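To keep things clear, I will list the structure first and then write my remarks on it.
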Number of protein chains: 2
Amino acid sequence: MTRTAGRGGARRLVVIGADAAGMSAASQALRVAAARGERLEVIAFESGEHTSYSQCGVPYWVAGDVDSADALVARTAEQHRANGIDLRLRTEVTELDLDRREVAVRVLDSGRTERVGFDDVLLATGAAEVWPDWARGLPGVHPVKTLDDGATWRSLLAGRDGEPPRRAIVVGGGFIGVEAAEAFARRGVQTLLVTRGEEPMSSSLDPAMGALVREGLERLGVEVVCGTEVEGVESRAGELTTACIGGHEHRADVVALAVGVRPRVELATAAGLRVGDHSGLVPDHTQRVADGVWSAGDCCEVWDRVLEQYWYTPLGTHANKAGRVAGTNIGGGSARFAGSVGTAITRAGEAEVARTGVLADWARRHGWDVEQVTVRSTTASGYMPEADPITVSVLGERGTGRLLGAQIVGGRGAGKRIDVAAMALWSGLGAHDVAAADLAYAPPFSPVWDPVQIACRKLADALSR
Amino acid sequence: MTRTAGRGGARRLVVIGADAAGMSAASQALRVAAARGERLEVIAFESGEHTSYSQCGVPYWVAGDVDSADALVARTAEQHRANGIDLRLRTEVTELDLDRREVAVRVLDSGRTERVGFDDVLLATGAAEVWPDWARGLPGVHPVKTLDDGATWRSLLAGRDGEPPRRAIVVGGGFIGVEAAEAFARRGVQTLLVTRGEEPMSSSLDPAMGALVREGLERLGVEVVCGTEVEGVESRAGELTTACIGGHEHRADVVALAVGVRPRVELATAAGLRVGDHSGLVPDHTQRVADGVWSAGDCCEVWDRVLEQYWYTPLGTHANKAGRVAGTNIGGGSARFAGSVGTAITRAGEAEVARTGVLADWARRHGWDVEQVTVRSTTASGYMPEADPITVSVLGERGTGRLLGAQIVGGRGAGKRIDVAAMALWSGLGAHDVAAADLAYAPPFSPVWDPVQIACRKLADALSR
């Protein structure tokens, strides 16, 4: 690129969206450029009021684990500005013009518009909550995603005139739905979770493992209704009534929406950029989507190393890593985003829930000949007071013996064991390799064969039969 | 082999030592042989009274976490016999004759002796506690290793005439010493730990990490004296006085010995079998040490995959795995023991302590050009009530970028994170691979970059400078 858009001949990067991906990229680009002695100007536009906050922390703020929204902010606008980023909050990018290499922006408070040129642009526009048509405009019906959503829920749960809601319905049984249900229940609200899956978390877990999540929620007092879908909500005198398929009705004071998110790509597609099978942008391994155009975070699909295809996995971990990769490359360095293996974790009451890799169904659709093994063990040696039940389910491929996926539900210390399987998937290890590996054992921490290893040993046996 | 020693033409396996390695091997050999339709007779000799118990659980029995010794027994003599193993307790093998293919045994209670032929023999004689000369024959001075030791300590801690000891000295700052000190402190005994290392666990951790272990013990009320060695103990009217280097004396009612173990190989060396640099037997990857002679467990050295040499790592995990490998091969199947990467974990009060791979000192002696990075983070997202401090230290090789080792000390959820590093060492991954890997993140479980990944990311940066 010969032309430079920045001041005094500096190269200019425009970042659209100032959350995890965008600001990781911005900070890293400045760091790398500075280390290389190159001049880089970074302008970041954010339509909201917050930067670099932990969206994953919002349910825990709603639950009361976290006192203030400030605690969720990893780096404030002031800190970013002190680091040399020209950060403009409440400023919406209304158009991306790739021919002229400029964006059109509107300052929300003044209505003032401006066009800003760039050499590089990073799309970090994130994901948008899916709002079903029936949910629009009803007070007390709201998603649980952003920091602003969190503030809405803190206020809803505080109650009108100090009277908190007694009953809540959570629509959707995925990660956020489960976390919202846990939050409400822990706040003392009588909570009903409605999911269309056979069991909760049906996009992430097999039904048998999902049943353990349901039991975790039920032990917390949450009522779980599976296999149905909310088709509408009626509001009458402050009471909400949801109508489900089959004519069932449930009443509540508030309704939390957790039916999913979709990549926010309107600017990109209007600019002629291509989206993938999951409607997200499809960056290459350097996070580049076109000449001088980069993208990272929840507006992107992510390379799945197990499936060997792009997949939509909108998670903070990928946003941070991919943002850093984009920033390194924009700054003139060299980095590659190595992809995902589909690892995720959450909590349903006392139950720790984690997964990585593919489910048996997906694998069969992929044409893989698979074997699955599920074992029950304990998180510590069985004779120790720390021993909690743990269920581990593992999936492997006949022929190659390769581990393809793992799911864990169990007590304290169960969930993060998924990382062993994630590391195995990362390296393409066989089930027998995991069984043979040298994992940490002492009675307060594990049985002598770690539960993940017990499962993989039995899987290796099954695969060799 | 044409001749068979067993009844009715069956092949006979003699197992010497009926703990984890021996009985894993015996059970697996029978299973594999049966699956292959082969006849195998197994006779197991054990000089003690117990089989297949968790030696690692003994300190927790002493601490009172476990009520009875029975809880530590994974499989009783009766269960082994019901599985078809001819198990003979309190029967000592006094000679191994490899030319005649027979062992000489003595039944301890009757004094009766016998010679028993075999086709295959498995040496699973374990390790012996090191007793310093000054410690012999003094009441109240005892190791903390076997189930019998545990019974001794339960009785010592119950006290003479119901009066429990007020003060204890633990000699040795390794894993067992730390666990014994924790056990005594939790039983309300005023405890002093003496270690010759600069800090506790000096064979396993760098001094800076060992200092965190010391702090964990100190928070539990244990006094820790480093850099000195006990040279003698004097007993006077029931009070013990230890004399340390430099003339320091410490008084106590009981003294726990935890100065190490050595492989028990007398039978093997008398039979002409070779031992390695660490005085243990040196089986090949099938656990074979000579024709028809096998070995597994704490009497063996273990192949270290990082150092690429044999090392003495007497741990239950290796004993179980290597026993299983030996059994598979003896039974006519095919298995290889894949070795160790030096993973270990324990607890020092509230501090979880874990390590894997090599220390910087070892690496430098090995001729590796290394870089080390230590980071402090939290076990959960910093804003969560679950967040405990965690310190992670990682070591990598310049040039290759390969991870060589990791050490962790921290609060709840810290220790088992070592498994991520262990899996990386297992696969020979680079520090940058670990930083890029897809580990599980949600606020109750981890910061968005897992602390192990933060450390590896910084290490990768340092290695690339």
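Each chain in the structure tokens gets a letter, A, B and so on, in the order shown; residues start at 1 in every chain, and ligands are counted from 1 in the order they appear.
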Produce a table with one row for each residue of chain A that has an atom at most 8 Å from any atom of chain B, each row naming the nearest atom pair and its distance in Å at one decimal; use only C-alpha atoms; arrange rows by chain and rising residue number; format as a tab-separated table.
residue	atom	partner	partner_atom	distance
A:Cys56	CA	B:Ala442	CA	6.6
A:Gly57	CA	B:Pro443	CA	6.0
A:Tyr60	CA	B:Met384	CA	7.9
A:Asp65	CA	B:Met384	CA	6.3
A:Val66	CA	B:Met384	CA	6.3
A:Ala71	CA	B:Tyr383	CA	5.8
A:Leu72	CA	B:Tyr383	CA	6.8
A:Gly316	CA	B:Val448	CA	6.7
A:Thr317	CA	B:Val448	CA	5.7
A:Asn320	CA	B:Val448	CA	7.9
A:Lys321	CA	B:Ala436	CA	7.3
A:Phe337	CA	B:Ala436	CA	7.5
A:Ala338	CA	B:Ala436	CA	6.5
A:Gly339	CA	B:Asp438	CA	7.8
A:Ser340	CA	B:Asp438	CA	5.6
A:Val341	CA	B:Asp438	CA	6.2
A:Gly342	CA	B:Asp438	CA	7.4
A:Thr343	CA	B:Ala440	CA	5.5
A:Ala344	CA	B:Ala440	CA	5.1
A:Ile345	CA	B:Ala440	CA	5.6
A:Thr346	CA	B:Ala442	CA	6.0
A:Arg347	CA	B:Pro444	CA	8.0
A:Ala354	CA	B:Ala440	CA	7.5
A:Tyr383	CA	B:Ala71	CA	5.8
A:Met384	CA	B:Asp65	CA	6.3
A:Pro385	CA	B:Asp65	CA	6.4
A:Gly413	CA	B:Gly413	CA	6.7
A:Lys416	CA	B:Ala440	CA	6.5
A:Arg417	CA	B:Lys416	CA	7.8
A:Ile418	CA	B:Ala440	CA	7.1
A:Asp419	CA	B:Leu439	CA	5.4
A:Val420	CA	B:Val420	CA	6.0
A:Ala422	CA	B:Leu439	CA	6.4
A:Met423	CA	B:Met423	CA	6.4
A:Ala424	CA	B:Met423	CA	7.2
A:Trp426	CA	B:Ala437	CA	6.7
A:Ser427	CA	B:Ser427	CA	7.0
A:Ala436	CA	B:Ala338	CA	6.4
A:Ala437	CA	B:Trp426	CA	6.7
A:Asp438	CA	B:Ser340	CA	5.6
A:Leu439	CA	B:Asp419	CA	5.4
A:Ala440	CA	B:Ala344	CA	5.1
A:Tyr441	CA	B:Ile345	CA	6.1
A:Ala442	CA	B:Thr346	CA	6.0
A:Pro443	CA	B:Gly57	CA	6.0
A:Pro444	CA	B:Thr346	CA	7.9
A:Phe445	CA	B:Lys416	CA	7.2
A:Val448	CA	B:Thr317	CA	5.7
A:Trp449	CA	B:Thr317	CA	6.8
Include C-alpha atoms and write out the residues we just selected as an mmCIF file, in the first residue's frame.
data_model
loop_
_atom_site.group_PDB
_atom_site.id
_atom_site.type_symbol
_atom_site.label_atom_id
_atom_site.label_comp_id
_atom_site.auth_asym_id
_atom_site.auth_seq_id
_atom_site.Cartn_x
_atom_site.Cartn_y
_atom_site.Cartn_z
ATOM 1 C CA CYS A 56 -19.361 -14.152 29.671
ATOM 2 C CA GLY A 57 -19.437 -12.486 33.079
ATOM 3 C CA TYR A 60 -22.708 -13.797 37.075
ATOM 4 C CA ASP A 65 -21.488 -12.864 42.169
ATOM 5 C CA VAL A 66 -20.138 -9.623 40.792
ATOM 6 C CA ALA A 71 -15.597 -5.256 37.525
ATOM 7 C CA LEU A 72 -16.415 -6.824 34.148
ATOM 8 C CA GLY A 316 -14.509 -14.928 24.097
ATOM 9 C CA THR A 317 -11.472 -17.183 23.919
ATOM 10 C CA ASN A 320 -9.228 -12.640 22.135
ATOM 11 C CA LYS A 321 -6.870 -14.962 20.291
ATOM 12 C CA PHE A 337 -4.973 -18.287 14.238
ATOM 13 C CA ALA A 338 -4.794 -22.022 14.789
ATOM 14 C CA GLY A 339 -8.535 -22.589 15.134
ATOM 15 C CA SER A 340 -10.875 -24.222 17.587
ATOM 16 C CA VAL A 341 -11.636 -27.732 18.696
ATOM 17 C CA GLY A 342 -15.035 -26.729 20.089
ATOM 18 C CA THR A 343 -14.163 -26.515 23.782
ATOM 19 C CA ALA A 344 -16.667 -24.933 26.154
ATOM 20 C CA ILE A 345 -17.539 -25.048 29.844
ATOM 21 C CA THR A 346 -20.253 -23.808 32.159
ATOM 22 C CA ARG A 347 -21.966 -24.523 35.433
ATOM 23 C CA ALA A 354 -17.806 -29.144 29.671
ATOM 24 C CA TYR A 383 -12.086 -42.588 49.670
ATOM 25 C CA MET A 384 -11.389 -38.833 49.938
ATOM 26 C CA PRO A 385 -13.903 -36.283 51.242
ATOM 27 C CA GLY A 413 -13.001 -30.211 39.703
ATOM 28 C CA LYS A 416 -11.628 -28.223 33.553
ATOM 29 C CA ARG A 417 -10.588 -31.827 32.980
ATOM 30 C CA ILE A 418 -11.993 -31.247 29.503
ATOM 31 C CA ASP A 419 -8.712 -29.468 28.746
ATOM 32 C CA VAL A 420 -6.925 -32.829 28.639
ATOM 33 C CA ALA A 422 -8.965 -30.541 24.199
ATOM 34 C CA MET A 423 -5.178 -30.845 24.151
ATOM 35 C CA ALA A 424 -5.504 -34.344 22.714
ATOM 36 C CA TRP A 426 -5.453 -30.228 19.343
ATOM 37 C CA SER A 427 -2.628 -32.658 18.662
ATOM 38 C CA ALA A 436 -1.175 -43.557 28.430
ATOM 39 C CA ALA A 437 -0.432 -39.904 29.172
ATOM 40 C CA ASP A 438 1.212 -38.772 32.389
ATOM 41 C CA LEU A 439 -1.508 -36.831 34.201
ATOM 42 C CA ALA A 440 -1.301 -35.524 37.731
ATOM 43 C CA TYR A 441 -2.490 -37.820 40.481
ATOM 44 C CA ALA A 442 -2.788 -37.434 44.228
ATOM 45 C CA PRO A 443 -5.788 -38.540 46.289
ATOM 46 C CA PRO A 444 -7.325 -35.050 46.781
ATOM 47 C CA PHE A 445 -7.254 -34.435 43.027
ATOM 48 C CA VAL A 448 -4.980 -43.018 40.145
ATOM 49 C CA TRP A 449 -6.350 -43.251 36.606
#
_All residues 12 Å or closer to B:Ser295, only C-alpha atoms, same chain fewer than 3 positions away omitted, as an MDAnalysis selection string_ = chainID B and resid 14:17 21:26 120:126 263:265 268 273 275 280:292 298:302 318:327 329:330 337
*Every residue of stretch 20-181 of chain A that DSSP places in helix (DSSP H, G or I), as a PyMOL selection string*: chain A and resi 20-35+55-63+69-72+77-82+133-135+147-158+175-181
Selected residues written out, C-alpha atoms, as a short mmCIF file (atom, residue, chain, number, x, y, z; two decimals), in the first residue's frame:
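Just written: part01.cif:
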data_model
loop_
_atom_site.label_atom_id
_atom_site.label_comp_id
_atom_site.auth_asym_id
_atom_site.auth_seq_id
_atom_site.Cartn_x
_atom_site.Cartn_y
_atom_site.Cartn_z
CA ALA A 20 -12.59 -8.20 23.06
CA ALA A 21 -11.62 -8.90 19.45
CA GLY A 22 -11.39 -5.30 18.30
CA MET A 23 -9.41 -3.98 21.21
CA SER A 24 -7.11 -7.01 21.42
CA ALA A 25 -6.32 -6.37 17.78
CA ALA A 26 -5.91 -2.62 18.24
CA SER A 27 -3.57 -2.98 21.22
CA GLN A 28 -1.52 -5.72 19.63
CA ALA A 29 -1.23 -3.86 16.30
CA LEU A 30 0.14 -0.81 18.10
CA ARG A 31 2.56 -2.92 20.15
CA VAL A 32 3.89 -4.83 17.16
CA ALA A 33 4.15 -1.76 14.95
CA ALA A 34 6.00 0.13 17.70
CA ALA A 35 8.42 -2.76 18.20
CA GLN A 55 -19.68 -10.69 28.13
CA CYS A 56 -19.36 -14.15 29.67
CA GLY A 57 -19.44 -12.49 33.08
CA VAL A 58 -22.86 -10.89 32.57
CA PRO A 59 -24.91 -13.83 33.96
CA TYR A 60 -22.71 -13.80 37.08
CA TRP A 61 -23.31 -10.09 37.49
CA VAL A 62 -27.05 -10.78 37.22
CA ALA A 63 -26.61 -13.59 39.78
CA ALA A 69 -20.44 -3.66 35.90
CA ASP A 70 -17.05 -1.98 36.29
CA ALA A 71 -15.60 -5.26 37.52
CA LEU A 72 -16.42 -6.82 34.15
CA ALA A 77 -11.88 3.62 27.38
CA GLU A 78 -9.44 5.84 29.30
CA GLN A 79 -6.88 3.04 29.48
CA HIS A 80 -7.17 2.37 25.77
CA ARG A 81 -6.78 6.08 25.03
CA ALA A 82 -3.77 6.22 27.32
CA ASP A 133 -40.81 -11.53 16.64
CA TRP A 134 -43.13 -12.20 19.55
CA ALA A 135 -40.63 -10.79 22.02
CA LEU A 147 -23.44 -5.37 29.62
CA ASP A 148 -26.51 -3.25 28.89
CA ASP A 149 -28.66 -6.38 29.07
CA GLY A 150 -27.04 -7.14 32.40
CA ALA A 151 -27.98 -3.66 33.66
CA THR A 152 -31.56 -4.23 32.47
CA TRP A 153 -31.72 -7.52 34.38
CA ARG A 154 -30.18 -6.05 37.52
CA SER A 155 -32.91 -3.44 37.40
CA LEU A 156 -35.68 -5.95 36.56
CA LEU A 157 -34.58 -8.23 39.40
CA ALA A 158 -34.46 -5.31 41.83
CA PHE A 175 -25.02 -22.06 27.55
CA ILE A 176 -26.53 -18.62 28.17
CA GLY A 177 -29.96 -20.03 28.97
CA VAL A 178 -28.49 -22.39 31.55
CA GLU A 179 -26.38 -19.60 33.05
CA ALA A 180 -29.37 -17.23 33.18
CA ALA A 181 -31.52 -19.90 34.85
#
*Do you know which residues are at most 8 Å from stretch 229-246 of chain A counting only C-alpha atoms, after dropping those on the same chain fewer than 3 positions away, and could you put them as a PyMOL selection string?*
chain A and resi 134-135+138+171+194-196+249-255
Could the residues in this selection be saved with N, CA and C atoms as a short mmCIF file (atom, residue, chain, number, x, y, z; two decimals), in the first residue's frame?
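What ended up in again.cif:
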data_model
loop_
_atom_site.label_atom_id
_atom_site.label_comp_id
_atom_site.auth_asym_id
_atom_site.auth_seq_id
_atom_site.Cartn_x
_atom_site.Cartn_y
_atom_site.Cartn_z
N TRP A 134 -42.17 -12.36 18.46
CA TRP A 134 -43.13 -12.20 19.55
C TRP A 134 -42.58 -11.48 20.78
N ALA A 135 -41.25 -11.32 20.80
CA ALA A 135 -40.63 -10.79 22.02
C ALA A 135 -40.43 -9.28 21.98
N LEU A 138 -42.02 -5.90 24.53
CA LEU A 138 -42.71 -6.25 25.77
C LEU A 138 -41.81 -5.95 26.96
N VAL A 171 -36.05 -18.67 28.03
CA VAL A 171 -36.35 -19.31 26.75
C VAL A 171 -35.03 -19.66 26.07
N VAL A 194 -37.29 -23.26 29.34
CA VAL A 194 -37.95 -23.95 28.23
C VAL A 194 -36.93 -24.13 27.11
N THR A 195 -36.76 -25.36 26.67
CA THR A 195 -35.83 -25.61 25.57
C THR A 195 -36.47 -26.53 24.55
N ARG A 196 -36.14 -26.30 23.28
CA ARG A 196 -36.73 -27.16 22.27
C ARG A 196 -35.97 -28.48 22.15
N GLU A 249 -49.23 -23.31 28.43
CA GLU A 249 -48.95 -21.93 28.82
C GLU A 249 -48.19 -21.90 30.14
N HIS A 250 -47.25 -20.96 30.23
CA HIS A 250 -46.52 -20.77 31.49
C HIS A 250 -46.56 -19.30 31.84
N ARG A 251 -46.70 -19.01 33.13
CA ARG A 251 -46.81 -17.61 33.56
C ARG A 251 -45.56 -17.18 34.30
N ALA A 252 -45.22 -15.92 34.13
CA ALA A 252 -44.04 -15.39 34.83
C ALA A 252 -44.12 -13.87 34.88
N ASP A 253 -43.21 -13.30 35.68
CA ASP A 253 -43.14 -11.85 35.75
C ASP A 253 -42.11 -11.30 34.76
N VAL A 254 -41.10 -12.13 34.47
CA VAL A 254 -40.07 -11.72 33.51
C VAL A 254 -39.72 -12.91 32.61
N VAL A 255 -39.27 -12.61 31.40
CA VAL A 255 -38.88 -13.65 30.44
C VAL A 255 -37.49 -13.31 29.89
#
*Near stretch 86-88 of chain A, within 7 Å and counting only C-alpha atoms, which residues show up once chain neighbours fewer than 2 positions away are dropped, as a PyMOL selection string?*
chain A and resi 42-46+77+81+84+90-91
*Give me the residues within 7 Å of A:Gly410 as a ChimeraX atom specification, counting only C-alpha atoms and dropping any in the same chain fewer than 5 places off.*
/A:351-353,389-391,415
Mind checking which residues fall within 9 Å of A:Leu193, counting only C-alpha atoms, ignoring those fewer than 2 positions away in the same chain, and posting them as a PDB file with C-alpha atoms, in the first residue's frame?
ATOM      1  CA  ALA A 168     -39.001 -16.082  35.549  1.00  0.00           C
ATOM      2  CA  ILE A 169     -39.061 -18.011  32.318  1.00  0.00           C
ATOM      3  CA  VAL A 170     -35.833 -18.579  30.423  1.00  0.00           C
ATOM      4  CA  VAL A 171     -36.347 -19.306  26.745  1.00  0.00           C
ATOM      5  CA  GLY A 172     -33.489 -21.385  25.368  1.00  0.00           C
ATOM      6  CA  GLY A 173     -31.416 -24.197  26.873  1.00  0.00           C
ATOM      7  CA  GLY A 177     -29.964 -20.032  28.972  1.00  0.00           C
ATOM      8  CA  VAL A 178     -28.491 -22.390  31.551  1.00  0.00           C
ATOM      9  CA  ALA A 181     -31.524 -19.902  34.847  1.00  0.00           C
ATOM     10  CA  THR A 191     -37.439 -20.219  37.406  1.00  0.00           C
ATOM     11  CA  THR A 195     -35.833 -25.611  25.571  1.00  0.00           C
ATOM     12  CA  PRO A 200     -30.726 -28.800  27.824  1.00  0.00           C
ATOM     13  CA  VAL A 222     -35.163 -24.718  38.326  1.00  0.00           C
ATOM     14  CA  GLU A 223     -38.039 -26.382  36.505  1.00  0.00           C
ATOM     15  CA  VAL A 224     -36.959 -27.571  33.063  1.00  0.00           C
ATOM     16  CA  VAL A 225     -39.355 -28.198  30.180  1.00  0.00           C
ATOM     17  CA  CYS A 226     -37.749 -29.877  27.183  1.00  0.00           C
TER      18      CYS A 226
END
*Contact residues around stretch 358-360 of chain A with only C-alpha atoms at 12 Å, ignoring same-chain residues under 6 positions, as JSON, numbers by chain*: {"A": [201, 202, 203, 204, 205, 206, 207, 208, 209, 304, 305, 306, 307, 308, 311, 340, 341, 342, 343, 344, 366, 367, 368, 369, 370, 371, 372, 373, 393, 394, 395, 396, 397, 403, 404, 405, 406, 407, 421, 422, 425]}
*asked:* Residues of stretch 49-272 of chain A classed as strand (DSSP E or B) by DSSP on the backbone are to be reported as number ranges by chain.
replied: A: 53, 73, 86-88, 91-97, 102-107, 113-117, 120-123, 127-129, 141-143, 160, 163, 167-171, 190-194, 223-225, 230-236, 239-244, 249-252, 254-257, 261-263
